[in-house]
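Shown below: target-v1.txt, with compact mmCIF, C-alpha atoms.
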```txt
# COMPACT_ATOMS: atom_id res chain seq x y z
CA MET L 390 58.46 103.96 80.42
CA TYR L 391 55.89 106.10 78.55
CA HIS L 392 57.22 105.76 74.98
CA ASP L 393 54.75 103.16 73.68
CA ALA L 394 51.78 104.75 75.43
CA LEU L 395 52.64 108.15 73.92
CA GLN L 396 52.89 106.62 70.44
CA HIS L 397 49.42 105.11 70.86
CA LEU L 398 47.95 108.38 72.15
CA ARG L 399 49.38 110.26 69.16
CA LYS L 400 47.79 107.73 66.78
CA GLY L 401 44.35 108.25 68.32
CA ASP L 402 44.39 104.96 70.20
CA THR L 403 42.89 104.19 73.59
CA LEU L 404 44.76 103.34 76.80
CA LEU L 405 44.11 101.45 79.97
CA TYR L 406 46.33 102.97 82.65
CA SER L 407 46.90 103.40 86.34
CA SER L 408 45.53 106.90 86.92
CA ASP L 409 45.97 109.10 89.97
CA THR L 410 42.85 107.56 91.49
CA ILE L 411 41.61 104.24 90.11
CA TRP L 412 42.36 102.30 86.91
CA GLY L 413 41.30 104.44 83.99
CA LEU L 414 40.63 104.48 80.30
CA GLY L 415 42.11 107.33 78.34
CA CYS L 416 42.90 108.89 75.01
CA ASP L 417 43.96 112.19 73.47
CA ALA L 418 41.37 114.66 74.76
CA ARG L 419 41.45 116.60 71.47
CA ASN L 420 40.73 113.55 69.31
CA GLU L 421 36.96 113.23 68.84
CA LYS L 422 37.17 109.76 67.26
CA ALA L 423 39.29 108.46 70.14
CA VAL L 424 36.77 109.86 72.64
CA ASP L 425 33.99 108.11 70.68
CA LYS L 426 35.91 104.83 71.01
CA LEU L 427 35.82 105.19 74.79
CA PHE L 428 32.07 105.84 74.81
CA THR L 429 31.58 102.70 72.72
CA LEU L 430 33.93 100.57 74.82
CA LYS L 431 32.30 101.64 78.11
CA GLN L 432 28.79 101.36 76.64
CA ARG L 433 28.25 104.80 78.13
CA PRO L 434 25.50 107.21 77.07
CA ASP L 435 27.04 110.10 75.18
CA ASN L 436 25.28 112.64 77.41
CA LYS L 437 27.59 111.66 80.30
CA ALA L 438 30.86 113.51 79.77
CA PHE L 439 34.35 112.32 80.70
CA ILE L 440 37.07 113.93 82.83
CA VAL L 441 40.17 115.52 81.33
CA LEU L 442 43.58 115.34 83.04
CA ILE L 443 46.18 118.11 82.87
CA SER L 444 49.70 118.20 84.32
CA LYS L 445 50.17 121.96 84.86
CA ILE L 446 47.75 124.48 86.33
CA GLU L 447 48.53 126.85 83.43
CA GLN L 448 46.77 124.42 81.09
CA LEU L 449 43.41 125.42 82.56
CA SER L 450 43.39 128.52 80.37
CA GLU L 451 43.90 126.31 77.30
CA TYR L 452 40.74 124.28 77.95
CA VAL L 453 38.47 126.56 80.01
CA LEU L 454 36.83 129.63 78.50
CA GLU L 455 36.80 131.56 81.77
CA VAL L 456 38.41 130.18 84.91
CA PRO L 457 36.51 131.38 88.01
CA GLU L 458 38.91 133.02 90.48
CA ILE L 459 38.18 130.48 93.22
CA ALA L 460 39.38 127.64 90.96
CA TRP L 461 43.07 128.56 91.09
CA ASN L 462 43.37 127.99 94.84
CA LEU L 463 41.02 125.00 94.90
CA VAL L 464 43.04 123.19 92.25
CA GLU L 465 46.51 124.15 93.39
CA PHE L 466 46.05 123.37 97.07
CA ALA L 467 43.78 120.29 96.93
CA GLU L 468 45.28 117.54 99.05
CA LYS L 469 43.24 114.76 97.42
CA PRO L 470 42.54 114.29 93.71
CA LEU L 471 39.96 116.95 92.85
CA THR L 472 38.01 117.15 89.61
CA VAL L 473 36.52 120.57 88.91
CA ILE L 474 33.61 121.10 86.53
CA TYR L 475 34.06 124.46 84.83
CA PRO L 476 31.10 126.32 83.27
CA LYS L 477 32.48 126.47 79.71
CA GLY L 478 35.17 124.43 77.99
CA LYS L 479 37.09 125.27 74.83
CA ASN L 480 39.54 123.68 72.37
CA LEU L 481 38.05 120.23 73.02
CA PRO L 482 35.58 118.15 71.01
CA ALA L 483 31.90 118.59 71.83
CA ASN L 484 31.56 114.91 72.77
CA LEU L 485 33.92 115.52 75.69
CA MET L 486 31.90 118.34 77.22
CA GLY L 487 28.63 118.35 79.09
CA ILE L 488 25.46 119.21 77.21
CA ASP L 489 25.69 122.69 78.76
CA GLY L 490 29.25 123.17 77.44
CA SER L 491 30.87 122.48 80.81
CA ILE L 492 34.13 120.56 81.13
CA ALA L 493 35.49 118.43 84.00
CA ILE L 494 39.24 118.80 84.55
CA ARG L 495 41.64 117.41 87.13
CA LEU L 496 45.20 118.60 87.73
CA VAL L 497 47.09 115.36 88.41
CA LYS L 498 49.65 115.30 91.17
CA ASP L 499 50.45 111.57 91.24
CA GLU L 500 54.00 111.21 89.88
CA PHE L 501 53.31 108.38 87.42
CA CYS L 502 50.10 109.76 85.94
CA LYS L 503 51.42 113.33 85.87
CA GLY L 504 54.48 112.09 83.96
CA LEU L 505 52.27 110.56 81.26
CA VAL L 506 50.16 113.70 80.83
CA HIS L 507 53.21 115.99 80.96
CA LYS L 508 55.13 114.03 78.33
CA PHE L 509 52.07 113.92 76.05
CA GLU L 510 51.99 117.74 76.28
CA ARG L 511 48.21 117.98 76.10
CA ALA L 512 45.17 116.83 78.02
CA ILE L 513 44.27 113.16 78.34
CA VAL L 514 40.78 111.78 78.92
CA SER L 515 40.22 109.86 82.13
CA THR L 516 37.27 107.63 82.91
CA SER L 517 36.97 104.57 85.11
CA ALA L 518 37.96 101.28 83.47
CA ASN L 519 34.54 99.66 83.68
CA PHE L 520 31.31 99.35 81.76
CA SER L 521 28.88 102.17 82.45
CA GLY L 522 26.90 101.52 85.62
CA GLN L 523 29.29 98.84 86.92
CA PRO L 524 31.58 99.23 89.97
CA SER L 525 34.87 101.04 89.35
CA PRO L 526 37.87 98.68 89.49
CA THR L 527 40.42 99.47 92.17
CA GLN L 528 42.93 96.85 91.04
CA PHE L 529 43.97 95.60 87.61
CA ALA L 530 42.59 92.14 88.44
CA ASP L 531 39.11 93.69 88.86
CA ILE L 532 38.97 94.99 85.28
CA SER L 533 36.72 93.10 82.88
CA PRO L 534 38.66 91.14 80.22
CA GLU L 535 36.43 92.80 77.61
CA ILE L 536 37.73 96.20 78.72
CA VAL L 537 41.37 95.02 78.79
CA ASN L 538 41.05 93.49 75.31
CA GLY L 539 39.07 96.46 74.02
CA VAL L 540 41.84 99.05 74.43
CA ASP L 541 44.82 99.53 72.15
CA TYR L 542 47.46 99.65 74.89
CA VAL L 543 47.80 98.87 78.62
CA LEU L 544 50.20 101.01 80.66
CA HIS L 545 51.19 99.61 84.06
CA ASN L 546 52.90 101.70 86.70
CA PRO L 547 56.30 100.04 87.21
CA LYS L 548 56.04 100.88 90.93
CA GLY L 549 52.92 98.73 91.24
CA GLU L 550 49.25 99.40 91.83
CA ASN L 551 48.14 102.85 92.95
CA LYS L 552 47.43 102.93 96.67
CA ASN L 553 44.63 105.48 96.22
CA THR L 554 41.62 103.41 95.26
CA GLN L 555 38.98 106.12 95.58
CA PRO L 556 37.53 108.17 92.74
CA SER L 557 38.32 111.88 92.88
CA GLN L 558 36.24 114.46 94.67
CA ILE L 559 34.14 116.49 92.22
CA VAL L 560 33.17 120.13 92.62
CA LYS L 561 31.10 122.18 90.16
CA LEU L 562 31.95 125.87 89.83
CA GLY L 563 29.85 128.77 88.64
CA LEU L 564 31.25 131.90 87.00
CA GLY L 565 30.33 133.96 90.06
CA GLY L 566 32.48 131.89 92.40
CA GLU L 567 29.65 129.69 93.66
CA PHE L 568 30.45 125.99 94.01
CA GLU L 569 28.75 122.71 94.79
CA PHE L 570 30.36 119.40 95.76
CA ILE L 571 29.03 116.66 93.50
CA ARG L 572 31.15 113.91 95.08
CA LYS L 573 33.10 114.27 98.34
```
If you took the structure in this file and wrote it as structure tokens, what would it be?
Amino acid sequence: MYHDALQHLRKGDTLLYSSDTIWGLGCDARNEKAVDKLFTLKQRPDNKAFIVLISKIEQLSEYVLEVPEIAWNLVEFAEKPLTVIYPKGKNLPANLMGIDGSIAIRLVKDEFCKGLVHKFERAIVSTSANFSGQPSPTQFADISPEIVNGVDYVLHNPKGENKNTQPSQIVKLGLGGEFEFIRK
């Protein structure tokens, strides 16, 4: 099911895929050129960072310089998709992080999306499959043909469209344990 998508990710290509929330665009999170392709495709200003998906909570230490203590419970026990903005990222290209060095990461729990990230064995970028400033598509039919034709590979979930059509919640953490909900 994932074979072709994984081949494309390894080559530095871009994907359109059914994420754990809405339809998303993705690529290898460690490939700066692939991340640049997504910025270009979305016509997104490069000062607006993307989200990174991981499949195991242990991967946080691979991409976050210092994980605030509160993060472990927030991430592990979140009932809805939760993206956490950590103060300082690491081992990722600068174009994927905020201008302050922060990084937004979501531990995926959806079986299909988690399988893709797990089999890739590293983080995958996730951003909504739309042009910057446009509404996020909740179904494949809502995605602009320019976006569909602009990616290297489209990965459909064989079980059909994701029933969760809401973007993730977003919380920003500070090193001292303080937090602020950016999107509920």
key: CA of Ile492 (chain L) to CA of Gln432 (chain L), straight-line distance in Å   =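 Interatomic distance here is 20.4 Å.
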Please provide the set of residues having any atom within 12 Å of Arg433 (chain L), restricted to all atoms listed in the file, with same-chain residues fewer than 2 positions apart removed, written as a short mmCIF file (atom, residue, chain, number, x, y, z; two decimals) with C-alpha atoms, in the coordinates of the input.
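Generated output (out-v1.cif):
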```cif
data_model
loop_
_atom_site.label_atom_id
_atom_site.label_comp_id
_atom_site.auth_asym_id
_atom_site.auth_seq_id
_atom_site.Cartn_x
_atom_site.Cartn_y
_atom_site.Cartn_z
CA VAL L 424 36.77 109.86 72.64
CA ASP L 425 33.99 108.11 70.68
CA LYS L 426 35.91 104.83 71.01
CA LEU L 427 35.82 105.19 74.79
CA PHE L 428 32.07 105.84 74.81
CA THR L 429 31.58 102.70 72.72
CA LEU L 430 33.93 100.57 74.82
CA LYS L 431 32.30 101.64 78.11
CA ASP L 435 27.04 110.10 75.18
CA ASN L 436 25.28 112.64 77.41
CA LYS L 437 27.59 111.66 80.30
CA ALA L 438 30.86 113.51 79.77
CA PHE L 439 34.35 112.32 80.70
CA ASN L 484 31.56 114.91 72.77
CA THR L 516 37.27 107.63 82.91
CA SER L 517 36.97 104.57 85.11
CA ALA L 518 37.96 101.28 83.47
CA ASN L 519 34.54 99.66 83.68
CA PHE L 520 31.31 99.35 81.76
CA SER L 521 28.88 102.17 82.45
CA GLY L 522 26.90 101.52 85.62
CA GLN L 523 29.29 98.84 86.92
#
```
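The interatomic distance for the pair CA of Tyr475 (chain L) and CA of His397 (chain L) works out to 28.4 Å.
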key: Option closest in space to Lys469 (chain L), from L:Glu535, L:Glu500, L:Asp409, L:Asp417 [counting all atoms listed in the file]   = L:Asp409
ask   = Which is closer to Gln448 (chain L) than all the others in L:Val540, L:Val497, L:Gly563, L:Leu398, using only C-alpha atoms?
value =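 For Gln448 (chain L), the nearest of the given residues is L:Val497.
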inquiry  = From the options L:Ala418, L:Leu481, L:Ile494, L:Val514, which residue's atoms come nearest to Ile446 (chain L), counting all atoms listed in the file?
reply    = L:Ile494
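Nearest residue to Val506 (chain L), choosing from L:Gly415, L:Pro534, L:Pro556, L:Gly401 and counting all atoms listed in the file: L:Gly415.
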query = From the list L:Lys548, L:Val537, L:Val473, L:Val453, which residue is nearest Lys573 (chain L) when using only C-alpha atoms?
reply = L:Val473
key: Point-to-point distance in Å for CA of Ile532 (chain L) and CA of Ile443 (chain L)   = 24.3 Å
query = List as a count of residues only: which residues have an atom within 12 Å of (36.2, 126.2, 77.1), counting all atoms listed in the file?
reply = 28
